[in-house]
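Peer 1: Take this structure, written in structure tokens, and hold onto it; I'll ask about it next.
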Amino acid sequence: MTAAVPALTVTGLTRVFDVSAPWLNRLIERQPQRFLRAVDDISFPVPRGSCLSLVGESGCGKSTVAKLVSGLIAPSAGSIAFGPGPAGKPLSAQMIFQDPYASLNPRWRVGDIIAEPLREMSLRKGEADVRARVAELLATVGLSASDGRKFPHEFSGGQRQRISIARALASEPEFLICDEPTSALDVSVQAQILNLMRRLQDEMGLTYLFISHDMSVVRHMSDEIAVMYLGRIVEQAPTEVLFAGPKHPYTRLLLDTIPNVQSPRRRRQTQTGEVPSPLNPPTGCTFHPRCPEADARCRAERPEVLAQPDGSRVACHRVAEAMAALAVPAPARGPLKGAGAVRLPA
Ligand SMILES: Nc1ncnc2c1ncn2[C@@H]1O[C@H](COP(=O)(O)OP(=O)(O)OP(=O)(O)O)[C@@H](O)[C@H]1O
Ligand code: SF4
Ligand SMILES: [Mg+2]
């Protein structure tokens with residue numbers, strides 16, 4: 001059986017921003033050019049019809065990945081390849097943003113906001129067909145046809161995010177890039193929007209690249225989770241594998257920030273610390289200043305991403321050493337199935 005073609009394959013993706021002072025200031029103050037590596041050599045596939053979530057603290061590069069994948073900014077290196085869409089047409093992607101108010105034109109009626117892609121892409125002929133499709137899209141996201149006559153400011157935050165989703169769906173995309181789509185909403189409204197997105201995914205066979213800093217949210221949404229730290233993916237695993245046995249010390253730290261189910265008022269004990277500046281990242285493993293397991297090797301040598309037998313991929317020397325210790329050296333015993341870490345191609 002041949003493996004399904006992924007909806008998206010990202011390979012060696014890197015984005016460096018030039019954050020130098022204006023050249024005249026640099027000249028006068030003799031400052032060098034400064035570069036910020038926001039996304040640093042990341043690779044992942046997103047299988048068709050699945051949800052891959054990127055998670056990590058503020059500034060780790062999540063939105064930069066979203067902008068790169070949606071084509072809003074260009075990569076410094078690496079490639080982004082969408083699989084073929086239905087009937088061999090190029091697969092189409094749409095982005096849903098964190099702040100639905102900023103992404104909806106306040107002077108337009110909601111019906112016209114949703115109708116714009118239909119008209120621009122000539123997806124419906126004639127005004128009656130456009131209106132009928134707008135009413136259908138409003139119903140799909142749980143709003144009524146009469147809501148199309150109102151303006152965005154007449155809606156709550158959750159309703160505005162429903163409008164953004166209806167607009168995104170108007171162009172009939174197969175792939176949605178969702179950058180913190182619910183983090184501006186109250187918790188109860190968040191759950192409604194996440195459930196709506198799950199239902200739409202099931203009904204329409206959509207593929208999601210989903211971004212959040214909230215582990216509880218990504219657990220609800222994702223088939224697979226990629227944990228980012230300072231521009232790199234440090235651990236990637238199927239959701240249940242990650243929650244059952246997080247391997248990277250940073251993943252464990254993130255999971256410790258989820259409220260304890262037994263005593264929800266008390267957050268679990270965490271060793272936190274600040275995220276270092278990406279302008280001056282630590283040497284070796286960039287997590288070493290915050291890591292309880294760091295040693296001299298961690299300060300000197302950057303860990304490679306290694307595939308694990310349970311389907312996860314982890315960049316940590318301790319995890320690699322534990323895997324190496326498990327490997328049986330004697331070749332007479334034959335090849336060891338599923339116990340050794342596999343070096344991934346660069
Ligand atoms: N256009 C830009 N020019 C310069 N630096 C940028 C630019 N966009 C992002 N950065 C920097 O790149 C790093 C990653 O930013 P990004 O917005 O991708 O992080 P994030 O994970 O989405 O954070 P948050 O959770 O706060 O949204 C940050 O240090 C940020 O300051
Ligand atoms: S490589 Fe070292 S510093 Fe980095 S996460 Fe692993 S143990 Fe911690
Ligand atoms: Mg962001």
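In the structure tokens, each chain is lettered A, B, ... as it comes, each chain's residues begin at 1, and ligands are numbered from 1 in order of appearance.
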For ligand 1, list the contacting residues at 6 Å or closer, counting only C-alpha atoms and all ligand atoms, as a PyMOL selection string.
Peer 2: chain A and resi 17+19+38+57-64+278
Peer 1: Identify, with DSSP run on backbone atoms, the residues in region 41-269 of chain A assigned to helix (DSSP H, G or I), and express the list as JSON, numbers by chain.
Peer 2: {"A": [62, 63, 64, 65, 66, 67, 68, 69, 86, 87, 88, 110, 111, 112, 113, 114, 115, 116, 117, 118, 119, 120, 127, 128, 129, 130, 131, 132, 133, 134, 135, 136, 137, 138, 139, 140, 145, 146, 147, 148, 149, 152, 153, 154, 157, 158, 159, 160, 161, 162, 163, 164, 165, 166, 167, 168, 169, 170, 187, 188, 189, 190, 191, 192, 193, 194, 195, 196, 197, 198, 199, 200, 201, 202, 203, 204, 215, 216, 217, 218, 219, 220, 221, 239, 240, 241, 242, 243, 244, 249, 250, 251, 252, 253, 254, 255, 256]}
Peer 1: Report the residues of region 17-203 of chain A whose backbone DSSP state falls under strand (DSSP E or B), written as an MDAnalysis selection string.
Peer 2: chainID A and resid 17:18 35:46 51:55 77:82 84 90 93:96 175:179
Peer 1: Could you check which of A:Tyr208, A:Tyr101, A:Phe82, A:Trp108 is closest to Gly158 (chain A), using only C-alpha atoms?
Peer 2: A:Tyr101
Peer 1: Could I get the residue neighbourhood of ligand 2 at 10 Å, counting only C-alpha atoms and all ligand atoms, as number ranges by chain?
Peer 2: A: 234-235, 247-251, 284-304, 314-321
Peer 1: If you keep C-alpha atoms, can you produce a file of those selected residues as a short mmCIF file (atom, residue, chain, number, x, y, z; two decimals), in the first residue's frame?
Peer 2:
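Here's the written file selection-v1.cif:
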data_model
loop_
_atom_site.label_atom_id
_atom_site.label_comp_id
_atom_site.auth_asym_id
_atom_site.auth_seq_id
_atom_site.Cartn_x
_atom_site.Cartn_y
_atom_site.Cartn_z
CA VAL A 234 12.02 20.14 19.73
CA GLU A 235 9.41 17.37 19.91
CA LYS A 247 10.10 13.15 26.20
CA HIS A 248 11.64 16.61 25.76
CA PRO A 249 12.17 18.54 29.03
CA TYR A 250 10.51 21.59 27.41
CA THR A 251 7.39 19.59 26.51
CA GLY A 284 24.27 24.15 21.90
CA CYS A 285 20.73 23.20 22.91
CA THR A 286 18.98 26.58 23.16
CA PHE A 287 16.85 25.24 26.02
CA HIS A 288 19.87 24.53 28.26
CA PRO A 289 19.61 27.61 30.55
CA ARG A 290 16.12 26.46 31.62
CA CYS A 291 16.67 22.71 31.53
CA PRO A 292 17.04 20.71 34.79
CA GLU A 293 18.88 17.97 32.86
CA ALA A 294 21.44 20.15 31.07
CA ASP A 295 25.13 19.23 31.12
CA ALA A 296 28.31 20.33 29.35
CA ARG A 297 27.34 18.53 26.13
CA CYS A 298 24.03 20.43 26.03
CA ARG A 299 25.87 23.76 26.32
CA ALA A 300 28.22 22.90 23.44
CA GLU A 301 26.38 20.70 20.97
CA ARG A 302 23.06 21.29 19.24
CA PRO A 303 20.89 18.13 19.45
CA GLU A 304 19.59 16.67 16.20
CA VAL A 314 12.76 14.54 19.63
CA ALA A 315 15.79 16.85 19.72
CA CYS A 316 17.44 16.18 23.10
CA HIS A 317 20.80 14.64 24.01
CA ARG A 318 19.36 12.85 27.09
CA VAL A 319 16.65 11.19 24.99
CA ALA A 320 19.22 10.21 22.34
CA GLU A 321 21.54 8.78 25.04
#
Peer 1: Please determine, counting only C-alpha atoms, which residue among A:Ala128, A:Ile193, A:Ile80, A:Val275 has the shortest atom-to-atom distance to Gly231 (chain A).
Peer 2: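 Counting only C-alpha atoms, the residue closest to Gly231 (chain A) is A:Val275.
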Peer 1: Smallest atom-to-atom distance to ligand 3: which of A:Asp41, A:Asp18, A:Asp179, A:Glu127, using only C-alpha atoms and all ligand atoms?
Peer 2: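 Closest to ligand 3 of all the choices is A:Asp179.
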Peer 1: From the set A:Val5, A:Ala191, A:Met228, A:Ala135, which residue has the shortest atom-to-atom contact distance to ligand 3, counting only C-alpha atoms and all ligand atoms?
Peer 2: A:Met228
Peer 1: Excluding Gly56 (chain A) and its own-chain neighbours fewer than 6 positions away, which residues fall within 7 Å of it when counting only C-alpha atoms? Please give them as JSON, numbers by chain.
Peer 2: {"A": [213, 227, 228, 229]}
Peer 1: Mind checking which residues fall within 7 Å of Val16 (chain A), counting only C-alpha atoms, ignoring those fewer than 3 positions away in the same chain, and posting them as an MDAnalysis selection string?
Peer 2: chainID A and resid 35:38 76
Peer 1: Can I get the selection written as a PDB file, in the first residue's frame, with N, CA and C atoms?
Peer 2:
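File again.pdb, as written:
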ATOM      1  N   PHE A  35      20.663  39.943  12.788  1.00  0.00           N
ATOM      2  CA  PHE A  35      19.683  39.039  12.178  1.00  0.00           C
ATOM      3  C   PHE A  35      18.996  38.210  13.253  1.00  0.00           C
ATOM      4  N   LEU A  36      17.711  37.973  13.033  1.00  0.00           N
ATOM      5  CA  LEU A  36      16.939  37.174  13.977  1.00  0.00           C
ATOM      6  C   LEU A  36      16.399  35.939  13.243  1.00  0.00           C
ATOM      7  N   ARG A  37      16.780  34.775  13.740  1.00  0.00           N
ATOM      8  CA  ARG A  37      16.383  33.504  13.114  1.00  0.00           C
ATOM      9  C   ARG A  37      15.060  33.063  13.754  1.00  0.00           C
ATOM     10  N   ALA A  38      13.941  33.500  13.187  1.00  0.00           N
ATOM     11  CA  ALA A  38      12.624  33.247  13.811  1.00  0.00           C
ATOM     12  C   ALA A  38      12.182  31.809  13.614  1.00  0.00           C
ATOM     13  N   SER A  76      13.578  32.141   3.962  1.00  0.00           N
ATOM     14  CA  SER A  76      14.996  32.406   3.676  1.00  0.00           C
ATOM     15  C   SER A  76      15.630  31.151   3.102  1.00  0.00           C
TER      16      SER A  76
END
Peer 1: Rounded to one decimal place, report the CA of Val69 (chain A)-CA of Asn280 (chain A) distance in Å.
Peer 2: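 Going from CA of Val69 (chain A) over to CA of Asn280 (chain A), I get 25.7 Å.
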Peer 1: Any idea what's packed within 12 Å of Gln190 (chain A), counting only C-alpha atoms, ignoring anything in its chain fewer than 2 positions away? Could you give it as a compact mmCIF listing (two decimals) with all heavy atoms, in the first residue's frame?
Peer 2:
# COMPACT_ATOMS: atom_id res chain seq x y z
N GLN A 98 -6.08 35.38 14.67
CA GLN A 98 -6.46 35.46 16.08
C GLN A 98 -7.57 36.50 16.32
O GLN A 98 -8.50 36.25 17.06
CB GLN A 98 -5.22 35.83 16.90
CG GLN A 98 -5.54 36.08 18.36
CD GLN A 98 -4.28 36.40 19.16
OE1 GLN A 98 -3.21 36.55 18.61
NE2 GLN A 98 -4.44 36.51 20.44
N GLY A 157 -17.38 38.55 20.00
CA GLY A 157 -16.10 38.02 19.50
C GLY A 157 -16.24 36.64 18.87
O GLY A 157 -15.70 36.35 17.81
N GLY A 158 -17.00 35.77 19.55
CA GLY A 158 -17.19 34.41 19.05
C GLY A 158 -17.94 34.40 17.72
O GLY A 158 -17.60 33.66 16.80
N GLN A 159 -18.98 35.26 17.64
CA GLN A 159 -19.74 35.34 16.38
C GLN A 159 -18.88 35.88 15.25
O GLN A 159 -18.98 35.44 14.11
CB GLN A 159 -20.97 36.23 16.57
CG GLN A 159 -22.06 35.60 17.42
CD GLN A 159 -23.15 36.58 17.78
OE1 GLN A 159 -22.88 37.77 18.01
NE2 GLN A 159 -24.37 36.10 17.85
N GLN A 161 -15.71 35.44 14.97
CA GLN A 161 -14.83 34.37 14.50
C GLN A 161 -15.61 33.40 13.62
O GLN A 161 -15.07 32.87 12.64
CB GLN A 161 -14.16 33.67 15.69
CG GLN A 161 -12.92 32.87 15.36
CD GLN A 161 -11.83 33.66 14.62
OE1 GLN A 161 -12.03 34.10 13.48
NE2 GLN A 161 -10.69 33.85 15.26
N ARG A 162 -16.91 33.21 13.90
CA ARG A 162 -17.74 32.38 13.01
C ARG A 162 -17.82 33.02 11.61
O ARG A 162 -17.78 32.34 10.59
CB ARG A 162 -19.16 32.23 13.58
CG ARG A 162 -19.22 31.32 14.79
CD ARG A 162 -20.63 31.30 15.39
NE ARG A 162 -20.60 30.66 16.69
CZ ARG A 162 -20.81 29.36 16.91
NH1 ARG A 162 -21.10 28.56 15.91
NH2 ARG A 162 -20.74 28.86 18.12
N GLU A 180 -3.93 30.91 16.36
CA GLU A 180 -4.56 31.26 17.64
C GLU A 180 -6.00 31.73 17.41
O GLU A 180 -6.38 32.80 17.87
CB GLU A 180 -3.76 32.37 18.35
CG GLU A 180 -2.29 32.08 18.51
CD GLU A 180 -1.91 31.65 19.91
OE1 GLU A 180 -2.80 31.28 20.69
OE2 GLU A 180 -0.71 31.64 20.19
N PRO A 181 -6.85 30.93 16.73
CA PRO A 181 -8.17 31.43 16.35
C PRO A 181 -9.09 31.67 17.54
O PRO A 181 -10.10 32.38 17.39
CB PRO A 181 -8.73 30.31 15.46
CG PRO A 181 -8.02 29.08 15.89
CD PRO A 181 -6.65 29.53 16.30
N THR A 182 -8.77 31.11 18.70
CA THR A 182 -9.70 31.29 19.83
C THR A 182 -9.06 31.97 21.04
O THR A 182 -9.71 32.12 22.06
CB THR A 182 -10.26 29.92 20.29
OG1 THR A 182 -9.18 29.10 20.73
CG2 THR A 182 -11.02 29.23 19.17
N SER A 183 -7.80 32.38 20.94
CA SER A 183 -7.14 32.85 22.16
C SER A 183 -7.65 34.21 22.62
O SER A 183 -7.41 34.59 23.76
CB SER A 183 -5.62 32.86 22.01
OG SER A 183 -5.26 33.63 20.91
N ALA A 184 -8.40 34.94 21.75
CA ALA A 184 -8.95 36.22 22.19
C ALA A 184 -10.35 36.04 22.78
O ALA A 184 -10.99 37.03 23.16
CB ALA A 184 -9.00 37.19 21.00
N LEU A 185 -10.82 34.80 22.87
CA LEU A 185 -12.22 34.56 23.28
C LEU A 185 -12.31 34.01 24.71
O LEU A 185 -11.37 33.41 25.21
CB LEU A 185 -12.87 33.55 22.32
CG LEU A 185 -12.79 33.90 20.83
CD1 LEU A 185 -13.34 32.76 19.99
CD2 LEU A 185 -13.54 35.19 20.53
N ASP A 186 -13.49 34.21 25.34
CA ASP A 186 -13.75 33.61 26.65
C ASP A 186 -13.69 32.09 26.53
O ASP A 186 -13.98 31.54 25.47
CB ASP A 186 -15.16 33.96 27.14
CG ASP A 186 -15.27 35.44 27.45
OD1 ASP A 186 -14.23 36.10 27.56
OD2 ASP A 186 -16.41 35.92 27.54
N VAL A 187 -13.37 31.43 27.65
CA VAL A 187 -13.17 29.97 27.60
C VAL A 187 -14.39 29.23 27.05
O VAL A 187 -14.26 28.34 26.21
CB VAL A 187 -12.79 29.44 29.01
CG1 VAL A 187 -12.73 27.93 29.02
CG2 VAL A 187 -11.45 30.02 29.42
N SER A 188 -15.61 29.62 27.48
CA SER A 188 -16.80 28.88 27.03
C SER A 188 -17.02 29.09 25.53
O SER A 188 -17.41 28.17 24.82
CB SER A 188 -18.03 29.32 27.81
OG SER A 188 -18.25 30.69 27.60
N GLN A 192 -16.89 26.44 21.99
CA GLN A 192 -17.88 26.39 20.90
C GLN A 192 -17.21 26.51 19.54
O GLN A 192 -17.53 25.79 18.60
CB GLN A 192 -18.90 27.52 21.04
CG GLN A 192 -19.83 27.36 22.23
CD GLN A 192 -20.58 28.65 22.53
OE1 GLN A 192 -20.61 29.56 21.71
NE2 GLN A 192 -21.17 28.73 23.71
N ILE A 193 -16.25 27.42 19.44
CA ILE A 193 -15.57 27.63 18.14
C ILE A 193 -14.70 26.42 17.81
O ILE A 193 -14.66 25.97 16.66
CB ILE A 193 -14.73 28.93 18.17
CG1 ILE A 193 -15.64 30.15 18.41
CG2 ILE A 193 -13.93 29.11 16.89
CD1 ILE A 193 -16.61 30.47 17.30
N LEU A 194 -14.02 25.87 18.82
CA LEU A 194 -13.19 24.68 18.56
C LEU A 194 -14.06 23.51 18.11
O LEU A 194 -13.70 22.79 17.18
CB LEU A 194 -12.38 24.30 19.81
CG LEU A 194 -11.33 25.32 20.26
CD1 LEU A 194 -10.72 24.91 21.59
CD2 LEU A 194 -10.23 25.47 19.20
N ASN A 195 -15.23 23.36 18.75
CA ASN A 195 -16.14 22.27 18.34
C ASN A 195 -16.64 22.49 16.92
O ASN A 195 -16.74 21.54 16.14
CB ASN A 195 -17.32 22.16 19.31
CG ASN A 195 -16.87 21.55 20.64
OD1 ASN A 195 -15.86 20.84 20.69
ND2 ASN A 195 -17.59 21.84 21.70
N LEU A 196 -16.94 23.75 16.59
CA LEU A 196 -17.37 24.06 15.22
C LEU A 196 -16.27 23.67 14.23
O LEU A 196 -16.53 23.04 13.20
CB LEU A 196 -17.69 25.56 15.10
CG LEU A 196 -17.89 26.10 13.69
CD1 LEU A 196 -19.16 25.51 13.06
CD2 LEU A 196 -17.96 27.63 13.67
N MET A 197 -15.03 24.02 14.56
CA MET A 197 -13.92 23.72 13.64
C MET A 197 -13.72 22.22 13.49
O MET A 197 -13.43 21.75 12.40
CB MET A 197 -12.64 24.41 14.12
CG MET A 197 -12.77 25.93 14.05
SD MET A 197 -11.27 26.77 14.52
CE MET A 197 -10.24 26.31 13.17
N ASP A 214 -1.67 27.11 23.97
CA ASP A 214 -2.43 26.47 25.04
C ASP A 214 -2.50 24.95 24.82
O ASP A 214 -3.14 24.48 23.88
CB ASP A 214 -3.83 27.09 25.04
CG ASP A 214 -4.68 26.60 26.21
OD1 ASP A 214 -4.46 25.46 26.67
OD2 ASP A 214 -5.55 27.36 26.65
N SER A 216 -4.08 22.65 26.45
CA SER A 216 -5.42 22.04 26.54
C SER A 216 -6.15 22.19 25.22
O SER A 216 -6.87 21.29 24.79
CB SER A 216 -6.26 22.71 27.63
OG SER A 216 -5.48 23.20 28.65
N VAL A 217 -5.97 23.34 24.56
CA VAL A 217 -6.63 23.57 23.27
C VAL A 217 -6.07 22.63 22.20
O VAL A 217 -6.83 21.99 21.47
CB VAL A 217 -6.47 25.05 22.84
CG1 VAL A 217 -6.89 25.26 21.40
CG2 VAL A 217 -7.27 25.96 23.76
N HIS A 220 -7.31 19.06 22.38
CA HIS A 220 -8.69 18.91 21.87
C HIS A 220 -8.71 18.83 20.34
O HIS A 220 -9.53 18.13 19.77
CB HIS A 220 -9.49 20.12 22.36
CG HIS A 220 -10.93 20.08 22.00
ND1 HIS A 220 -11.81 19.21 22.59
CD2 HIS A 220 -11.65 20.79 21.10
CE1 HIS A 220 -13.01 19.39 22.09
NE2 HIS A 220 -12.94 20.34 21.17
N MET A 221 -7.79 19.54 19.70
CA MET A 221 -7.89 19.73 18.24
C MET A 221 -7.04 18.77 17.41
O MET A 221 -7.38 18.48 16.26
CB MET A 221 -7.44 21.16 17.87
CG MET A 221 -8.41 22.25 18.22
SD MET A 221 -10.00 22.03 17.42
CE MET A 221 -9.60 22.34 15.70
Peer 1: Find the residues near Ser164 (chain A): any atom within 8 Å, counting only C-alpha atoms, skip ones fewer than 2 places away on the same chain, and give them as a ChimeraX atom specification.
Peer 2: /A:96,100,103-104,160-162,166-168
Peer 1: Using only C-alpha atoms, which residue out of A:Asp310, A:Ala327, A:Lys67, A:Gly142 lies closest to Ala244 (chain A)?
Peer 2: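 Of all the options, A:Asp310 lies closest to Ala244 (chain A).
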